[in-house]
Amino acid sequence: MATTFQDALARLRETRVWKSIFRRGPALTNRTRSLAVFGNLFFHFLPVKVREKSLRVRATYYLGSISFLLFVILAVSGVLLMFYYHPAVPQAYRDMKDLRFVVSNGVFLRNLHRLAAQLMVLVVFLHMFHVFYRGGYKPPHEFNWVVGVILLLVTLFLSYTGYLLPWDQLAFWAITVGTNIISAMPVLGKYVRFQLLGGNLVGENALLRFYVLHCVVLPLAAVLFIAVHFWRVQKDGGLTVKGEDGRKGN
Amino acid sequence: MDEKETSHETGFSSDAKKNPQRIVFITRKTSAKVNGEIPGQVMAYPHLLLRESIAFQVLIIAIVLLALAWDAPLEQLANPLVTPNPAKAPWYFLGLQELLHYFPPLVAGILIPTLVVISLVVIPYFNVNVEGEPMWSTNSSRRLRALLATLAVLEIFLGVFQAWTVFVPTAAIGGIAVFSFFIAPTSTGLGRYLRSRAASWWVMTWFICVAVVLTVVGTFFRGPGWSWIWPWRGHAG
């Protein structure tokens with residue numbers, strides 16, 4: 001059974017259609033395995049070869065990969081939630097009730113999105129601290145560390161803008177508390193807060209602005225910087241491995 | 001001092017401009033092609049991609065189970081006229097909200113976060129600990145005095161503002177750092193580990209400890225009017 005399946009798969013990989021999609025035959029030699037990575041739009045951010053040591057769980061705990069996967073889960077569940085959501089007062093809150101009582105699996109969808117969001121903030125922090133303790137910011141990785149800090153801020157803003165969208169008491173007052181801090185900024189504080197909220201109070205305009213930031217602007221920024229982040233890992237010569245070049249971690 | 005034995009110096013100087021070393025010798029009619037592979041490398045396809053896909057599948061299973069078990073909260077419709085007490089920010093900002101309790105908004109809400117972001121960005125450009133050199137490897141007595149002075153100034157400042165939830169973790173980490181100076185160089189295990197830590201390690205560990213304590217206190221130990229509560233005594237929020 002297994003051999004018939006493998007035979008079928010092997011024959012499939014030799015077909016013209018398969019080769020037209022993947023631009024190569026079966027990945028049996030190192031040459032075709034290289035092609036599998038750099039001949040593929042989605043994988044070409046990755047290095048063709050990696051150090052065996054950097055594959056060990058203890059080297060990364062897969063924290064960067066997990067952050068990325070959580071982002072993918074958030075994008076998919078977020079798009080599904082958008083089908084049921086209106087960024088308007090008080091319809092936004094009614095949509096939350098619909099998700100709970102009307103929409104099939106609506107509760108699960110919202111749970112998944114919220115859980116992945118909380119986890120992503122946590123995992124991105126853990127990823128940063130782990131990279132610091134391994135000395136992953138050292139040359140030639142300096143700029144990728146900065147990209148990482150930008151991604152941390154984008155993650156926090158994504159989570160924060162999403163916090164307002166259910167339009168319940170929790171959301172309203174969390175955003176009120178947070179944006180009140182901004183007005184403590186000298187000179188610009190009041191102006192920045194007004195621009196962010198589209199008014200002096202958290203209201204309908206604030207909900208619309210946070211919605212657009214949360215669903216369009218910040219995800220696009222995240223995708224852009226994630227692409228740069230991955231690509232720079234490869235261009236800067238792979239992950240930092242302890243003990244390499246006689247270099248120690250922290 | 002055992003740092004000379006654990007030194008990672010190889011035959012080559014790390015600064016090629018100062019001390020150029022002949023690495024290859026290319027004669028006529030030979031090319032400078034790379035001979036052989038860098039050892040310990042594997043193809044990303046399938047080795048890396050296989051592991052990543054397994055990690056992804058495990059994570060998806062775990063997160064689906066958690067999402068089935070744990071409902072996202074939903075409170076009453078937003079009402080600007082009814083302020084919950086306490087009104088709390090999302091958990092990752094509760095450390096900042098805890099700081100706001102002690103310091104004026106300009107310091108806690110604007111200055112400290114800005115300084116944290118700036119310090120994170122400049123870490124790689126200030127050659128923070130490129131060599132991974134232990135804090136006590138050179139000038140150890142002068143460094144001990146500098147550490148004690150910094151700690152004293154910091155703790156007096158925190159004491160004046162009565163910022164006890166920053167004061168305590170600072171005292172704990174600072175105390176362990178000072179203690180690590182007195183650990184015998186011959187010790188093993190945890191003692192050896194602490195003694196060989198770099199200054200940057202201590203600063204980051206202090207920062208993480210303070211951030212974690214502030215966030216945990218802000219999340220679980222603060223009740224109405226930002227007063228101290230014990231979470232197991234059944235306060236709401």
# chains A, B, ... in the order shown; residues from 1 in each chain; ligands from 1

$ closest_atom_pairs --of "range 197-247 of chain A" --to "range 141-164 of chain A" --cutoff "9 Å" --atoms "only C-alpha atoms" --output "Markdown table"
| residue | atom | partner | partner_atom | distance |
| --- | --- | --- | --- | --- |
| A:Ala206 | CA | A:Leu164 | CA | 8.8 |
| A:Leu207 | CA | A:Leu164 | CA | 6.9 |
| A:Arg209 | CA | A:Thr161 | CA | 8.8 |
| A:Phe210 | CA | A:Thr161 | CA | 5.2 |
| A:Tyr211 | CA | A:Thr161 | CA | 7.1 |
| A:Leu213 | CA | A:Thr161 | CA | 7.0 |
| A:His214 | CA | A:Thr161 | CA | 5.6 |
| A:Cys215 | CA | A:Gly162 | CA | 8.6 |
| A:Leu218 | CA | A:Leu158 | CA | 6.2 |
| A:Pro219 | CA | A:Leu158 | CA | 7.6 |
| A:Ala221 | CA | A:Val154 | CA | 7.4 |
| A:Ala222 | CA | A:Val154 | CA | 6.4 |
| A:Phe225 | CA | A:Leu151 | CA | 6.6 |
| A:Ile226 | CA | A:Leu151 | CA | 7.3 |
| A:Val228 | CA | A:Val147 | CA | 7.7 |
| A:His229 | CA | A:Asn144 | CA | 6.0 |
| A:Phe230 | CA | A:Asn144 | CA | 8.8 |
| A:Arg232 | CA | A:Asn144 | CA | 6.3 |
| A:Val233 | CA | A:Asn144 | CA | 7.3 |
| A:Asp236 | CA | A:His141 | CA | 6.2 |
| A:Gly237 | CA | A:His141 | CA | 8.8 |
| A:Leu239 | CA | A:His141 | CA | 8.9 |
| A:Thr240 | CA | A:His141 | CA | 8.6 |

$ closest_atom_pairs --of "chain A" --to "chain B" --cutoff "7 Å" --atoms "only C-alpha atoms" --output "Markdown table"
| residue | atom | partner | partner_atom | distance |
| --- | --- | --- | --- | --- |
| A:Arg33 | CA | B:Tyr45 | CA | 5.7 |
| A:Ala36 | CA | B:Tyr45 | CA | 6.9 |
| A:Val37 | CA | B:Tyr45 | CA | 6.7 |
| A:Pro47 | CA | B:Ala44 | CA | 6.7 |
| A:Val48 | CA | B:Ala44 | CA | 5.3 |
| A:Lys49 | CA | B:Met43 | CA | 4.5 |
| A:Val50 | CA | B:Gln41 | CA | 5.4 |
| A:Arg51 | CA | B:Gln41 | CA | 4.3 |
| A:Glu52 | CA | B:Gln41 | CA | 5.4 |
| A:Leu55 | CA | B:Leu48 | CA | 6.9 |
| A:Leu69 | CA | B:Phe56 | CA | 6.7 |
| A:Tyr93 | CA | B:Leu77 | CA | 6.4 |
| A:Phe108 | CA | B:Leu68 | CA | 6.2 |
| A:Arg110 | CA | B:Ala72 | CA | 6.9 |
| A:Asn111 | CA | B:Ala72 | CA | 5.1 |
| A:Leu112 | CA | B:Ala67 | CA | 5.1 |
| A:Arg114 | CA | B:Ala72 | CA | 6.6 |
| A:Leu115 | CA | B:Ala67 | CA | 6.7 |
| A:Tyr137 | CA | B:Pro124 | CA | 5.5 |
| A:Lys138 | CA | B:Pro124 | CA | 5.8 |
| A:Glu142 | CA | B:Pro124 | CA | 5.1 |
| A:Val146 | CA | B:Val121 | CA | 5.4 |
| A:Val149 | CA | B:Val121 | CA | 6.7 |
| A:Trp167 | CA | B:Ala78 | CA | 5.6 |
| A:Asp168 | CA | B:Ala78 | CA | 4.3 |
| A:Gln169 | CA | B:Ala78 | CA | 4.2 |
| A:Leu170 | CA | B:Glu75 | CA | 6.4 |
| A:Phe172 | CA | B:Ala78 | CA | 5.7 |
| A:Trp173 | CA | B:Ala87 | CA | 5.9 |
| A:Ala174 | CA | B:Ala89 | CA | 4.1 |
| A:Ile175 | CA | B:Ala89 | CA | 6.8 |
| A:Val177 | CA | B:Ala89 | CA | 6.2 |
| A:Gly178 | CA | B:Ala89 | CA | 6.2 |
| A:Ile181 | CA | B:Gly109 | CA | 5.5 |
| A:Ala184 | CA | B:Leu106 | CA | 5.2 |
| A:Met185 | CA | B:Ile110 | CA | 6.1 |
| A:Gly246 | CA | B:His8 | CA | 5.3 |
| A:Arg247 | CA | B:His8 | CA | 6.8 |
| A:Lys248 | CA | B:Gly132 | CA | 5.9 |
| A:Gly249 | CA | B:Gly132 | CA | 6.1 |
| A:Asn250 | CA | B:Gly132 | CA | 5.2 |

$ atom_distance --atom1 "CA of Tyr85 in chain A" --atom2 "CA of Phe71 in chain A"
19.9 Å

$ residues_around --residues "Leu151 in chain B" --least-positions-apart "3" --cutoff "12 Å" --atoms "only C-alpha atoms" --output "VMD selection string"
chain B and resid 144 to 148 154 to 159 167 to 178 203 206

$ write_last_selection --atoms "C-alpha atoms" --output "PDB file, in the first residue's frame"
ATOM      1  CA  LEU B 144      32.179  46.159  41.942  1.00  0.00           C
ATOM      2  CA  ARG B 145      32.375  49.754  43.247  1.00  0.00           C
ATOM      3  CA  ALA B 146      30.637  51.038  40.078  1.00  0.00           C
ATOM      4  CA  LEU B 147      27.898  48.414  40.466  1.00  0.00           C
ATOM      5  CA  LEU B 148      27.344  49.237  44.141  1.00  0.00           C
ATOM      6  CA  LEU B 154      18.867  53.648  41.683  1.00  0.00           C
ATOM      7  CA  GLU B 155      17.422  52.273  44.916  1.00  0.00           C
ATOM      8  CA  ILE B 156      17.432  55.703  46.629  1.00  0.00           C
ATOM      9  CA  PHE B 157      15.606  57.127  43.602  1.00  0.00           C
ATOM     10  CA  LEU B 158      13.058  54.285  43.662  1.00  0.00           C
ATOM     11  CA  GLY B 159      12.713  54.618  47.450  1.00  0.00           C
ATOM     12  CA  PHE B 167      12.676  48.421  44.188  1.00  0.00           C
ATOM     13  CA  VAL B 168      12.328  44.751  45.212  1.00  0.00           C
ATOM     14  CA  PRO B 169      13.311  43.033  41.919  1.00  0.00           C
ATOM     15  CA  THR B 170      16.131  45.574  41.479  1.00  0.00           C
ATOM     16  CA  ALA B 171      17.418  44.739  44.951  1.00  0.00           C
ATOM     17  CA  ALA B 172      17.127  41.007  44.247  1.00  0.00           C
ATOM     18  CA  ILE B 173      19.002  41.006  40.923  1.00  0.00           C
ATOM     19  CA  GLY B 174      21.514  43.609  42.153  1.00  0.00           C
ATOM     20  CA  GLY B 175      22.085  41.527  45.280  1.00  0.00           C
ATOM     21  CA  ILE B 176      22.760  38.371  43.258  1.00  0.00           C
ATOM     22  CA  ALA B 177      25.115  40.339  40.959  1.00  0.00           C
ATOM     23  CA  VAL B 178      27.089  41.640  43.961  1.00  0.00           C
ATOM     24  CA  VAL B 203      21.380  44.395  32.721  1.00  0.00           C
ATOM     25  CA  TRP B 206      17.366  42.920  35.606  1.00  0.00           C
TER      26      TRP B 206
END

$ select_by_dssp --residues "range 2-230 of chain B" --states "alpha helix (DSSP H)" --output "CSV table (one decimal) with N, CA and C atoms, in the first residue's frame"
chain,number,residue,atom,x,y,z
B,49,LEU,N,12.6,22.4,6.5
B,49,LEU,CA,11.1,22.5,6.3
B,49,LEU,C,10.3,21.4,6.9
B,50,LEU,N,10.9,20.2,7.0
B,50,LEU,CA,10.2,19.1,7.7
B,50,LEU,C,10.0,19.4,9.2
B,51,ARG,N,11.1,19.9,9.8
B,51,ARG,CA,11.0,20.2,11.3
B,51,ARG,C,10.0,21.4,11.5
B,52,GLU,N,10.0,22.4,10.6
B,52,GLU,CA,9.1,23.5,10.8
B,52,GLU,C,7.7,23.0,10.6
B,53,SER,N,7.4,22.1,9.7
B,53,SER,CA,6.0,21.7,9.5
B,53,SER,C,5.6,20.9,10.7
B,54,ILE,N,6.5,20.1,11.3
B,54,ILE,CA,6.1,19.4,12.5
B,54,ILE,C,5.8,20.3,13.6
B,55,ALA,N,6.6,21.3,13.8
B,55,ALA,CA,6.4,22.3,14.8
B,55,ALA,C,5.1,23.0,14.6
B,56,PHE,N,4.8,23.4,13.4
B,56,PHE,CA,3.5,24.1,13.0
B,56,PHE,C,2.3,23.2,13.4
B,57,GLN,N,2.4,21.9,13.0
B,57,GLN,CA,1.3,21.0,13.3
B,57,GLN,C,1.0,20.9,14.8
B,58,VAL,N,2.1,20.7,15.5
B,58,VAL,CA,2.0,20.6,17.0
B,58,VAL,C,1.3,21.8,17.6
B,59,LEU,N,1.8,23.0,17.1
B,59,LEU,CA,1.3,24.3,17.6
B,59,LEU,C,-0.2,24.4,17.3
B,60,ILE,N,-0.6,24.0,16.0
B,60,ILE,CA,-2.0,24.2,15.6
B,60,ILE,C,-2.9,23.3,16.5
B,61,ILE,N,-2.4,22.0,16.7
B,61,ILE,CA,-3.2,21.1,17.6
B,61,ILE,C,-3.4,21.8,19.0
B,62,ALA,N,-2.3,22.2,19.5
B,62,ALA,CA,-2.3,22.8,20.9
B,62,ALA,C,-3.2,24.0,21.0
B,63,ILE,N,-3.1,24.9,20.0
B,63,ILE,CA,-3.9,26.1,20.0
B,63,ILE,C,-5.4,25.9,19.8
B,64,VAL,N,-5.7,24.9,19.0
B,64,VAL,CA,-7.1,24.5,18.8
B,64,VAL,C,-7.7,24.0,20.1
B,65,LEU,N,-6.9,23.1,20.7
B,65,LEU,CA,-7.4,22.5,22.0
B,65,LEU,C,-7.7,23.7,23.0
B,66,LEU,N,-6.7,24.6,23.1
B,66,LEU,CA,-6.9,25.7,24.1
B,66,LEU,C,-8.1,26.6,23.7
B,67,ALA,N,-8.3,26.8,22.4
B,67,ALA,CA,-9.4,27.7,22.0
B,67,ALA,C,-10.7,27.0,22.2
B,68,LEU,N,-10.7,25.7,22.2
B,68,LEU,CA,-12.0,25.0,22.5
B,68,LEU,C,-12.3,25.0,24.0
B,69,ALA,N,-11.2,25.1,24.8
B,69,ALA,CA,-11.4,25.0,26.3
B,69,ALA,C,-11.6,26.4,26.9
B,94,LEU,N,0.3,46.5,31.3
B,94,LEU,CA,0.0,46.7,32.8
B,94,LEU,C,1.3,47.0,33.5
B,95,GLY,N,2.5,46.6,33.0
B,95,GLY,CA,3.7,47.1,33.6
B,95,GLY,C,3.9,48.6,33.6
B,96,LEU,N,3.5,49.1,32.5
B,96,LEU,CA,3.6,50.6,32.3
B,96,LEU,C,2.5,51.3,33.2
B,97,GLN,N,1.3,50.6,33.3
B,97,GLN,CA,0.3,51.2,34.1
B,97,GLN,C,0.7,51.2,35.6
B,98,GLU,N,1.4,50.1,36.0
B,98,GLU,CA,1.9,50.0,37.3
B,98,GLU,C,3.0,51.1,37.6
B,99,LEU,N,3.8,51.4,36.6
B,99,LEU,CA,4.8,52.5,36.7
B,99,LEU,C,4.1,53.9,36.9
B,100,LEU,N,2.9,54.0,36.1
B,100,LEU,CA,2.1,55.3,36.2
B,100,LEU,C,1.7,55.5,37.6
B,101,HIS,N,1.5,54.5,38.4
B,101,HIS,CA,1.1,54.6,39.8
B,101,HIS,C,2.1,55.3,40.6
B,102,TYR,N,3.4,55.2,40.2
B,102,TYR,CA,4.5,55.8,41.0
B,102,TYR,C,5.0,57.1,40.4
B,105,PRO,N,3.0,60.9,34.5
B,105,PRO,CA,2.7,60.3,33.2
B,105,PRO,C,3.8,60.5,32.2
B,112,ILE,N,10.1,56.5,29.8
B,112,ILE,CA,10.6,55.1,30.0
B,112,ILE,C,10.4,54.2,28.8
B,113,PRO,N,9.1,54.2,28.2
B,113,PRO,CA,9.0,53.3,27.0
B,113,PRO,C,9.9,53.8,25.9
B,114,THR,N,10.0,55.1,25.7
B,114,THR,CA,10.9,55.6,24.6
B,114,THR,C,12.4,55.1,24.9
B,115,LEU,N,12.8,55.3,26.1
B,115,LEU,CA,14.2,54.9,26.5
B,115,LEU,C,14.4,53.4,26.3
B,116,VAL,N,13.4,52.6,26.6
B,116,VAL,CA,13.5,51.1,26.5
B,116,VAL,C,13.6,50.8,25.0
B,117,VAL,N,12.8,51.4,24.1
B,117,VAL,CA,12.9,51.1,22.7
B,117,VAL,C,14.2,51.6,22.1
B,118,ILE,N,14.6,52.8,22.5
B,118,ILE,CA,15.9,53.3,22.0
B,118,ILE,C,17.1,52.3,22.5
B,119,SER,N,17.0,51.9,23.7
B,119,SER,CA,18.1,51.0,24.2
B,119,SER,C,18.1,49.7,23.5
B,120,LEU,N,16.9,49.2,23.2
B,120,LEU,CA,16.9,47.9,22.4
B,120,LEU,C,17.4,48.1,21.0
B,121,VAL,N,17.1,49.2,20.4
B,121,VAL,CA,17.6,49.5,19.0
B,121,VAL,C,19.1,49.6,19.0
B,122,VAL,N,19.7,50.3,20.0
B,122,VAL,CA,21.1,50.6,19.9
B,122,VAL,C,22.0,49.4,20.4
B,140,SER,N,38.0,43.9,38.4
B,140,SER,CA,36.8,43.5,39.1
B,140,SER,C,36.5,44.4,40.3
B,141,SER,N,37.5,44.8,41.0
B,141,SER,CA,37.1,45.6,42.2
B,141,SER,C,36.6,47.0,41.8
B,142,ARG,N,37.1,47.6,40.7
B,142,ARG,CA,36.6,48.9,40.3
B,142,ARG,C,35.1,48.7,39.8
B,143,ARG,N,34.9,47.6,39.1
B,143,ARG,CA,33.5,47.3,38.6
B,143,ARG,C,32.6,47.0,39.7
B,144,LEU,N,33.0,46.4,40.8
B,144,LEU,CA,32.2,46.2,41.9
B,144,LEU,C,31.7,47.5,42.6
B,145,ARG,N,32.7,48.4,42.7
B,145,ARG,CA,32.4,49.8,43.2
B,145,ARG,C,31.4,50.5,42.3
B,146,ALA,N,31.6,50.4,41.0
B,146,ALA,CA,30.6,51.0,40.1
B,146,ALA,C,29.2,50.4,40.2
B,147,LEU,N,29.2,49.1,40.3
B,147,LEU,CA,27.9,48.4,40.5
B,147,LEU,C,27.2,48.8,41.7
B,148,LEU,N,27.9,48.9,42.9
B,148,LEU,CA,27.3,49.2,44.1
B,148,LEU,C,26.8,50.7,44.1
B,149,ALA,N,27.6,51.6,43.5
B,149,ALA,CA,27.2,53.0,43.4
B,149,ALA,C,25.9,53.1,42.6
B,150,THR,N,25.9,52.4,41.4
B,150,THR,CA,24.7,52.5,40.5
B,150,THR,C,23.5,52.0,41.3
B,151,LEU,N,23.7,50.8,41.9
B,151,LEU,CA,22.6,50.2,42.7
B,151,LEU,C,22.1,51.2,43.7
B,152,ALA,N,23.0,51.8,44.5
B,152,ALA,CA,22.6,52.7,45.6
B,152,ALA,C,21.8,53.9,45.1
B,153,VAL,N,22.3,54.5,44.0
B,153,VAL,CA,21.6,55.7,43.4
B,153,VAL,C,20.2,55.3,42.9
B,154,LEU,N,20.1,54.1,42.2
B,154,LEU,CA,18.9,53.6,41.7
B,154,LEU,C,17.9,53.4,42.8
B,155,GLU,N,18.3,52.7,43.8
B,155,GLU,CA,17.4,52.3,44.9
B,155,GLU,C,17.0,53.5,45.7
B,156,ILE,N,17.9,54.5,45.9
B,156,ILE,CA,17.4,55.7,46.6
B,156,ILE,C,16.4,56.4,45.8
B,157,PHE,N,16.6,56.5,44.5
B,157,PHE,CA,15.6,57.1,43.6
B,157,PHE,C,14.3,56.4,43.7
B,158,LEU,N,14.3,55.1,43.6
B,158,LEU,CA,13.1,54.3,43.7
B,158,LEU,C,12.4,54.4,45.0
B,159,GLY,N,13.2,54.5,46.1
B,159,GLY,CA,12.7,54.6,47.4
B,159,GLY,C,12.0,55.9,47.6
B,160,VAL,N,12.6,57.0,47.1
B,160,VAL,CA,12.0,58.4,47.2
B,160,VAL,C,10.6,58.3,46.6
B,164,TRP,N,7.9,50.4,45.2
B,164,TRP,CA,8.4,49.2,45.8
B,164,TRP,C,8.4,48.0,44.8
B,165,THR,N,7.5,48.0,43.9
B,165,THR,CA,7.5,46.8,43.0
B,165,THR,C,8.6,46.9,41.9
B,166,VAL,N,9.3,48.1,41.8
B,166,VAL,CA,10.5,48.1,41.1
B,166,VAL,C,11.7,47.9,42.0
B,167,PHE,N,11.6,48.5,43.2
B,167,PHE,CA,12.7,48.4,44.2
B,167,PHE,C,13.1,47.0,44.5
B,168,VAL,N,12.1,46.1,44.7
B,168,VAL,CA,12.3,44.8,45.2
B,168,VAL,C,13.1,43.9,44.2
B,169,PRO,N,12.5,43.8,42.9
B,169,PRO,CA,13.3,43.0,41.9
B,169,PRO,C,14.7,43.6,41.6
B,170,THR,N,14.8,45.0,41.7
B,170,THR,CA,16.1,45.6,41.5
B,170,THR,C,17.1,45.1,42.6
B,171,ALA,N,16.6,45.2,43.8
B,171,ALA,CA,17.4,44.7,45.0
B,171,ALA,C,17.8,43.3,44.8
B,172,ALA,N,16.8,42.4,44.4
B,172,ALA,CA,17.1,41.0,44.2
B,172,ALA,C,18.2,40.7,43.2
B,173,ILE,N,18.0,41.3,42.0
B,173,ILE,CA,19.0,41.0,40.9
B,173,ILE,C,20.3,41.7,41.3
B,174,GLY,N,20.3,42.9,41.8
B,174,GLY,CA,21.5,43.6,42.2
B,174,GLY,C,22.3,42.8,43.2
B,175,GLY,N,21.5,42.3,44.2
B,175,GLY,CA,22.1,41.5,45.3
B,175,GLY,C,22.8,40.3,44.8
B,176,ILE,N,22.1,39.6,43.8
B,176,ILE,CA,22.8,38.4,43.3
B,176,ILE,C,24.0,38.8,42.5
B,177,ALA,N,23.9,39.9,41.7
B,177,ALA,CA,25.1,40.3,41.0
B,177,ALA,C,26.3,40.6,41.9
B,178,VAL,N,26.0,41.3,43.0
B,178,VAL,CA,27.1,41.6,44.0
B,178,VAL,C,27.6,40.3,44.6
B,179,PHE,N,26.7,39.5,44.9
B,179,PHE,CA,27.0,38.2,45.5
B,179,PHE,C,28.0,37.4,44.6
B,180,SER,N,27.7,37.5,43.3
B,180,SER,CA,28.5,36.7,42.3
B,180,SER,C,29.9,37.1,42.3
B,181,PHE,N,30.2,38.3,42.8
B,181,PHE,CA,31.6,38.8,42.9
B,181,PHE,C,32.4,37.9,43.9
B,190,LEU,N,25.9,26.3,39.6
B,190,LEU,CA,25.3,27.6,39.5
B,190,LEU,C,26.2,28.7,39.8
B,191,GLY,N,27.1,28.5,40.8
B,191,GLY,CA,28.1,29.5,41.2
B,191,GLY,C,29.0,29.9,40.0
B,192,ARG,N,29.5,28.9,39.3
B,192,ARG,CA,30.3,29.1,38.2
B,192,ARG,C,29.6,29.9,37.1
B,193,TYR,N,28.3,29.5,36.9
B,193,TYR,CA,27.5,30.1,35.9
B,193,TYR,C,27.3,31.6,36.2
B,194,LEU,N,26.9,31.9,37.4
B,194,LEU,CA,26.7,33.3,37.8
B,194,LEU,C,28.0,34.1,37.6
B,195,ARG,N,29.1,33.5,38.1
B,195,ARG,CA,30.3,34.3,38.1
B,195,ARG,C,30.8,34.6,36.7
B,199,ALA,N,28.3,41.7,31.8
B,199,ALA,CA,27.6,42.8,32.4
B,199,ALA,C,26.3,43.0,31.6
B,200,SER,N,26.3,42.8,30.3
B,200,SER,CA,25.1,42.9,29.5
B,200,SER,C,24.0,41.9,29.9
B,201,TRP,N,24.5,40.7,30.3
B,201,TRP,CA,23.5,39.7,30.8
B,201,TRP,C,22.8,40.2,32.0
B,202,TRP,N,23.6,40.8,33.0
B,202,TRP,CA,23.0,41.3,34.2
B,202,TRP,C,22.0,42.4,33.9
B,203,VAL,N,22.3,43.3,33.0
B,203,VAL,CA,21.4,44.4,32.7
B,203,VAL,C,20.1,43.9,32.1
B,204,MET,N,20.2,42.9,31.1
B,204,MET,CA,19.0,42.4,30.5
B,204,MET,C,18.2,41.6,31.5
B,205,THR,N,18.8,40.8,32.3
B,205,THR,CA,18.1,40.0,33.3
B,205,THR,C,17.4,40.9,34.3
B,206,TRP,N,18.0,42.0,34.7
B,206,TRP,CA,17.4,42.9,35.6
B,206,TRP,C,16.1,43.5,34.9
B,207,PHE,N,16.3,43.9,33.7
B,207,PHE,CA,15.2,44.5,32.9
B,207,PHE,C,14.0,43.5,32.8
B,208,ILE,N,14.3,42.3,32.5
B,208,ILE,CA,13.2,41.3,32.3
B,208,ILE,C,12.5,41.0,33.6
B,209,CYS,N,13.3,40.9,34.7
B,209,CYS,CA,12.7,40.7,36.0
B,209,CYS,C,11.8,41.8,36.5
B,210,VAL,N,12.3,43.0,36.3
B,210,VAL,CA,11.4,44.2,36.7
B,210,VAL,C,10.2,44.2,35.8
B,211,ALA,N,10.3,43.9,34.5
B,211,ALA,CA,9.1,43.9,33.6
B,211,ALA,C,8.1,42.9,34.0
B,212,VAL,N,8.6,41.7,34.3
B,212,VAL,CA,7.8,40.6,34.7
B,212,VAL,C,7.0,40.9,36.0
B,213,VAL,N,7.8,41.3,37.0
B,213,VAL,CA,7.2,41.6,38.3
B,213,VAL,C,6.1,42.7,38.1
B,214,LEU,N,6.4,43.8,37.4
B,214,LEU,CA,5.5,44.9,37.2
B,214,LEU,C,4.2,44.4,36.5
B,215,THR,N,4.4,43.5,35.5
B,215,THR,CA,3.2,43.0,34.7
B,215,THR,C,2.4,42.1,35.6
B,216,VAL,N,3.0,41.2,36.3
B,216,VAL,CA,2.3,40.3,37.2
B,216,VAL,C,1.5,41.1,38.3
B,217,VAL,N,2.2,42.0,38.9
B,217,VAL,CA,1.5,42.8,39.9
B,217,VAL,C,0.4,43.6,39.3
B,218,GLY,N,0.6,44.2,38.2
B,218,GLY,CA,-0.5,45.0,37.5
B,218,GLY,C,-1.7,44.2,37.2
B,219,THR,N,-1.4,42.9,36.8
B,219,THR,CA,-2.5,42.0,36.3
B,219,THR,C,-3.3,41.4,37.5
B,220,PHE,N,-2.5,40.9,38.5
B,220,PHE,CA,-3.2,40.1,39.5
B,220,PHE,C,-3.3,40.8,40.9

$ atom_distance --atom1 "CA of Gln234 in chain A" --atom2 "CA of Ser67 in chain A"
17.8 Å

$ atom_distance --atom1 "CA of Met120 in chain A" --atom2 "CA of Ala227 in chain A"
17.2 Å

$ closest_residue --among "A:Leu165, A:Arg94, A:Leu81, A:Ser34" --to "Leu46 in chain A" --atoms "only C-alpha atoms"
A:Ser34
